[in-house]
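Chemist: I have a structure here, written as structure tokens, and I will follow up with some questions on it.
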Amino acid sequence: MYSKERIPRIVVTGPPCAGKSTTVALLQKELAVTAQCVPEVASLLIIQLGIQPGTPGERIVLEPGFQHTLYHMQNLFENVSERIAMHTQKRFLVCDKGTLDIAAHVSGGIAGYEKLFGTTQKDDYAQYDMVLFLELPPKRIYDMLCKTNPARRENFEQAKELEEKVRQVWRNHR
């Protein structure tokens, strides 16, 4: 059994279709002996459960809402993954997005996020030891990738806006 109380967490973040899930899958394959990977929770909710944020169905199914459910599921996935990693003597976690990514989608940004979840940006930063920020690909590649990803509903311009919001969320991480 791994003896540390907490193992390092690396978050792979960025805008839609930047290659986060592909990067995490590659790391999972290449570093299977040393890394425990945490899947993107938002895609699981969207693809596996068919829940689209901001739709009437989402408000019926998820109380108080998509972002709230996402936050708690992200924490649960990370904590369970960490316990598995400790038990299997993995050295670190690789997370496909982190809790703070949610702040890019919450009204009021970081301040709205902190109020909604009763946390602080500083406390959430402390959960992650390294941040890998992937940038948006060129428009023609983005458009091609969106066609094969059922979780993507943002057009290129919306993705550019999200890229800047996500960058702002993580910019002060050490």
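Residues are referred to by chain and number: the chain letter is A, B, ... according to the order shown in the structure tokens, the number counts from 1 in that chain, and ligands are numbered separately from 1 in the order shown.
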Could you find all residues in segment 34-168 of chain A that DSSP calls strand (DSSP E or B) from the backbone, and write them as a PyMOL selection string?

Modeler: chain A and resi 35-38+92-96+130-133

Chemist: How would the residues just picked look written out with N, CA, C and O atoms as a short mmCIF file (atom, residue, chain, number, x, y, z; two decimals), in the first residue's frame?

Modeler:
```cif
data_model
loop_
_atom_site.label_atom_id
_atom_site.label_comp_id
_atom_site.auth_asym_id
_atom_site.auth_seq_id
_atom_site.Cartn_x
_atom_site.Cartn_y
_atom_site.Cartn_z
N ALA A 35 0.82 6.05 -13.27
CA ALA A 35 -0.22 7.09 -13.23
C ALA A 35 -1.62 6.49 -13.18
O ALA A 35 -1.92 5.53 -13.88
N GLN A 36 -2.47 7.11 -12.39
CA GLN A 36 -3.89 6.81 -12.35
C GLN A 36 -4.58 7.98 -13.03
O GLN A 36 -4.35 9.13 -12.66
N CYS A 37 -5.41 7.71 -14.03
CA CYS A 37 -6.06 8.79 -14.78
C CYS A 37 -7.52 8.94 -14.39
O CYS A 37 -8.21 7.96 -14.11
N VAL A 38 -7.96 10.19 -14.36
CA VAL A 38 -9.33 10.54 -14.02
C VAL A 38 -10.00 11.06 -15.30
O VAL A 38 -9.52 12.02 -15.89
N PHE A 92 1.16 9.20 -9.24
CA PHE A 92 0.44 10.46 -9.42
C PHE A 92 -0.87 10.25 -10.15
O PHE A 92 -1.10 9.20 -10.76
N LEU A 93 -1.74 11.27 -10.07
CA LEU A 93 -3.01 11.30 -10.81
C LEU A 93 -2.87 12.24 -11.98
O LEU A 93 -2.21 13.27 -11.88
N VAL A 94 -3.53 11.89 -13.08
CA VAL A 94 -3.66 12.79 -14.22
C VAL A 94 -5.15 13.01 -14.41
O VAL A 94 -5.89 12.06 -14.67
N CYS A 95 -5.59 14.25 -14.24
CA CYS A 95 -7.01 14.59 -14.31
C CYS A 95 -7.35 15.27 -15.62
O CYS A 95 -6.72 16.26 -15.99
N ASP A 96 -8.36 14.76 -16.30
CA ASP A 96 -8.89 15.39 -17.50
C ASP A 96 -9.82 16.50 -17.04
O ASP A 96 -10.99 16.27 -16.78
N MET A 130 0.40 20.37 -10.67
CA MET A 130 0.85 20.83 -11.98
C MET A 130 -0.36 21.02 -12.88
O MET A 130 -1.32 20.26 -12.80
N VAL A 131 -0.29 22.03 -13.73
CA VAL A 131 -1.36 22.30 -14.69
C VAL A 131 -0.76 22.29 -16.09
O VAL A 131 0.21 23.02 -16.36
N LEU A 132 -1.32 21.48 -16.96
CA LEU A 132 -0.94 21.47 -18.38
C LEU A 132 -2.09 22.11 -19.14
O LEU A 132 -3.19 21.56 -19.19
N PHE A 133 -1.84 23.29 -19.71
CA PHE A 133 -2.88 24.01 -20.46
C PHE A 133 -2.66 23.77 -21.94
O PHE A 133 -1.62 24.13 -22.49
#
```

Chemist: Output as a PyMOL selection string all residues of segment 49-170 of chain A that backbone DSSP marks as alpha helix (DSSP H).

Modeler: chain A and resi 49+56-61+66-87+109-117+121-125+139-147+156-170

Chemist: List as a ChimeraX atom specification the protein and nucleic acid residues near Thr99 of chain A, meaning an atom at most 12 Å away when only C-alpha atoms are counted, but skip any in the same chain fewer than 5 places from it.

Modeler: /A:11-13,38,40-42,67-79,104-106,110,113-114,117,119-121,123-128,166,169-170

Chemist: So that I have them on file, write out the residues from the current selection with C-alpha atoms, as a CSV table (one decimal), in the first residue's frame.

Modeler:
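Contents of selection01.csv, freshly written:
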```
chain,number,residue,atom,x,y,z
A,11,VAL,CA,-4.6,18.6,-14.4
A,12,VAL,CA,-4.8,18.7,-18.1
A,13,THR,CA,-7.0,21.7,-19.1
A,38,VAL,CA,-9.3,10.5,-14.0
A,40,GLU,CA,-13.5,14.1,-18.0
A,41,VAL,CA,-16.7,14.1,-15.8
A,42,ALA,CA,-18.6,16.6,-18.0
A,67,GLN,CA,-22.3,22.7,-12.8
A,68,HIS,CA,-23.2,21.8,-9.2
A,69,THR,CA,-23.4,18.1,-10.1
A,70,LEU,CA,-20.2,18.3,-12.1
A,71,TYR,CA,-18.3,19.9,-9.2
A,72,HIS,CA,-19.3,17.1,-6.8
A,73,MET,CA,-18.7,14.3,-9.2
A,74,GLN,CA,-15.3,15.7,-10.2
A,75,ASN,CA,-14.3,15.7,-6.5
A,76,LEU,CA,-15.7,12.2,-6.1
A,77,PHE,CA,-13.8,10.9,-9.1
A,78,GLU,CA,-10.6,12.5,-8.1
A,79,ASN,CA,-10.8,11.2,-4.5
A,104,ALA,CA,-15.1,29.2,-16.7
A,105,HIS,CA,-18.8,28.2,-17.1
A,106,VAL,CA,-20.2,29.8,-14.0
A,110,ILE,CA,-14.1,32.8,-10.0
A,113,TYR,CA,-17.6,29.7,-8.4
A,114,GLU,CA,-16.3,30.4,-4.9
A,117,PHE,CA,-19.2,25.9,-4.0
A,119,THR,CA,-14.4,27.1,-1.7
A,120,THR,CA,-11.6,29.4,-2.8
A,121,GLN,CA,-9.5,29.5,-5.9
A,123,ASP,CA,-7.8,26.1,-1.9
A,124,ASP,CA,-8.6,24.5,-5.2
A,125,TYR,CA,-5.2,25.4,-6.6
A,126,ALA,CA,-3.7,23.5,-3.7
A,127,GLN,CA,-5.4,20.3,-5.0
A,128,TYR,CA,-3.3,20.3,-8.1
A,166,VAL,CA,-10.1,28.8,-18.7
A,169,VAL,CA,-9.0,30.5,-14.1
A,170,TRP,CA,-5.7,28.8,-14.0
```

Chemist: Rounded to one decimal in Å, what is the spacing between atom CA of Lys29 of chain A and atom CA of Glu154 of chain A?

Modeler: 28.8 Å

Chemist: Just want the 8 Å neighbourhood of Thr34 of chain A, counted on only C-alpha atoms, with same-chain residues fewer than 4 positions away dropped. Output as a list of chain:residue names.

Modeler: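 Residues meeting the cut-off are A:Gln89, A:Lys90, A:Arg91, A:Phe92.
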
Chemist: For atom CA of Asp129 of chain A and atom CA of Gly14 of chain A, quote the distance in Å rounded to one decimal.

Modeler: 16.5 Å

Chemist: With a distance cut-off of 10 Å and only C-alpha atoms, select the neighbouring residues of Leu162 of chain A, excluding the residue or stretch itself and same-chain residues fewer than 2 positions from it, and output the selection as an MDAnalysis selection string.

Modeler: chainID A and resid 14:16 101 104:105 136 154 156:160 164:168

Chemist: Please, could you write that set of residues out with N, CA and C atoms as a short mmCIF file (atom, residue, chain, number, x, y, z; two decimals), in the first residue's frame?

Modeler:
```cif
data_model
loop_
_atom_site.label_atom_id
_atom_site.label_comp_id
_atom_site.auth_asym_id
_atom_site.auth_seq_id
_atom_site.Cartn_x
_atom_site.Cartn_y
_atom_site.Cartn_z
N GLY A 14 -7.86 23.17 -20.69
CA GLY A 14 -7.87 23.98 -21.91
C GLY A 14 -9.28 24.06 -22.45
N PRO A 15 -9.43 24.66 -23.61
CA PRO A 15 -10.75 24.83 -24.21
C PRO A 15 -11.26 23.53 -24.83
N PRO A 16 -12.50 23.54 -25.32
CA PRO A 16 -13.04 22.35 -26.00
C PRO A 16 -12.17 21.95 -27.19
N ASP A 101 -12.01 24.24 -13.57
CA ASP A 101 -12.48 24.46 -14.94
C ASP A 101 -13.94 24.90 -14.95
N ALA A 104 -15.00 28.62 -15.37
CA ALA A 104 -15.09 29.23 -16.70
C ALA A 104 -16.52 29.19 -17.24
N HIS A 105 -17.37 28.38 -16.62
CA HIS A 105 -18.75 28.21 -17.10
C HIS A 105 -19.78 28.78 -16.13
N LEU A 136 -6.39 25.89 -28.07
CA LEU A 136 -7.36 25.58 -29.11
C LEU A 136 -6.65 25.35 -30.45
N GLU A 154 -20.18 23.91 -28.71
CA GLU A 154 -19.67 25.25 -28.90
C GLU A 154 -19.13 25.42 -30.32
N PHE A 156 -16.59 27.63 -32.95
CA PHE A 156 -15.19 28.02 -32.77
C PHE A 156 -15.05 29.31 -31.96
N GLU A 157 -15.90 30.28 -32.23
CA GLU A 157 -15.82 31.56 -31.52
C GLU A 157 -16.13 31.37 -30.04
N GLN A 158 -17.11 30.55 -29.72
CA GLN A 158 -17.44 30.27 -28.32
C GLN A 158 -16.27 29.53 -27.64
N ALA A 159 -15.65 28.62 -28.39
CA ALA A 159 -14.50 27.89 -27.86
C ALA A 159 -13.34 28.84 -27.57
N LYS A 160 -13.13 29.84 -28.43
CA LYS A 160 -12.08 30.85 -28.20
C LYS A 160 -12.36 31.62 -26.90
N GLU A 164 -10.01 31.59 -23.25
CA GLU A 164 -9.55 32.71 -22.44
C GLU A 164 -10.06 32.60 -21.01
N LYS A 165 -11.30 32.19 -20.83
CA LYS A 165 -11.86 32.03 -19.48
C LYS A 165 -11.11 30.96 -18.69
N VAL A 166 -10.83 29.83 -19.34
CA VAL A 166 -10.11 28.75 -18.66
C VAL A 166 -8.69 29.21 -18.34
N ARG A 167 -8.06 29.91 -19.26
CA ARG A 167 -6.71 30.43 -19.03
C ARG A 167 -6.71 31.36 -17.81
N GLN A 168 -7.72 32.23 -17.72
CA GLN A 168 -7.81 33.14 -16.57
C GLN A 168 -8.00 32.40 -15.25
#
```
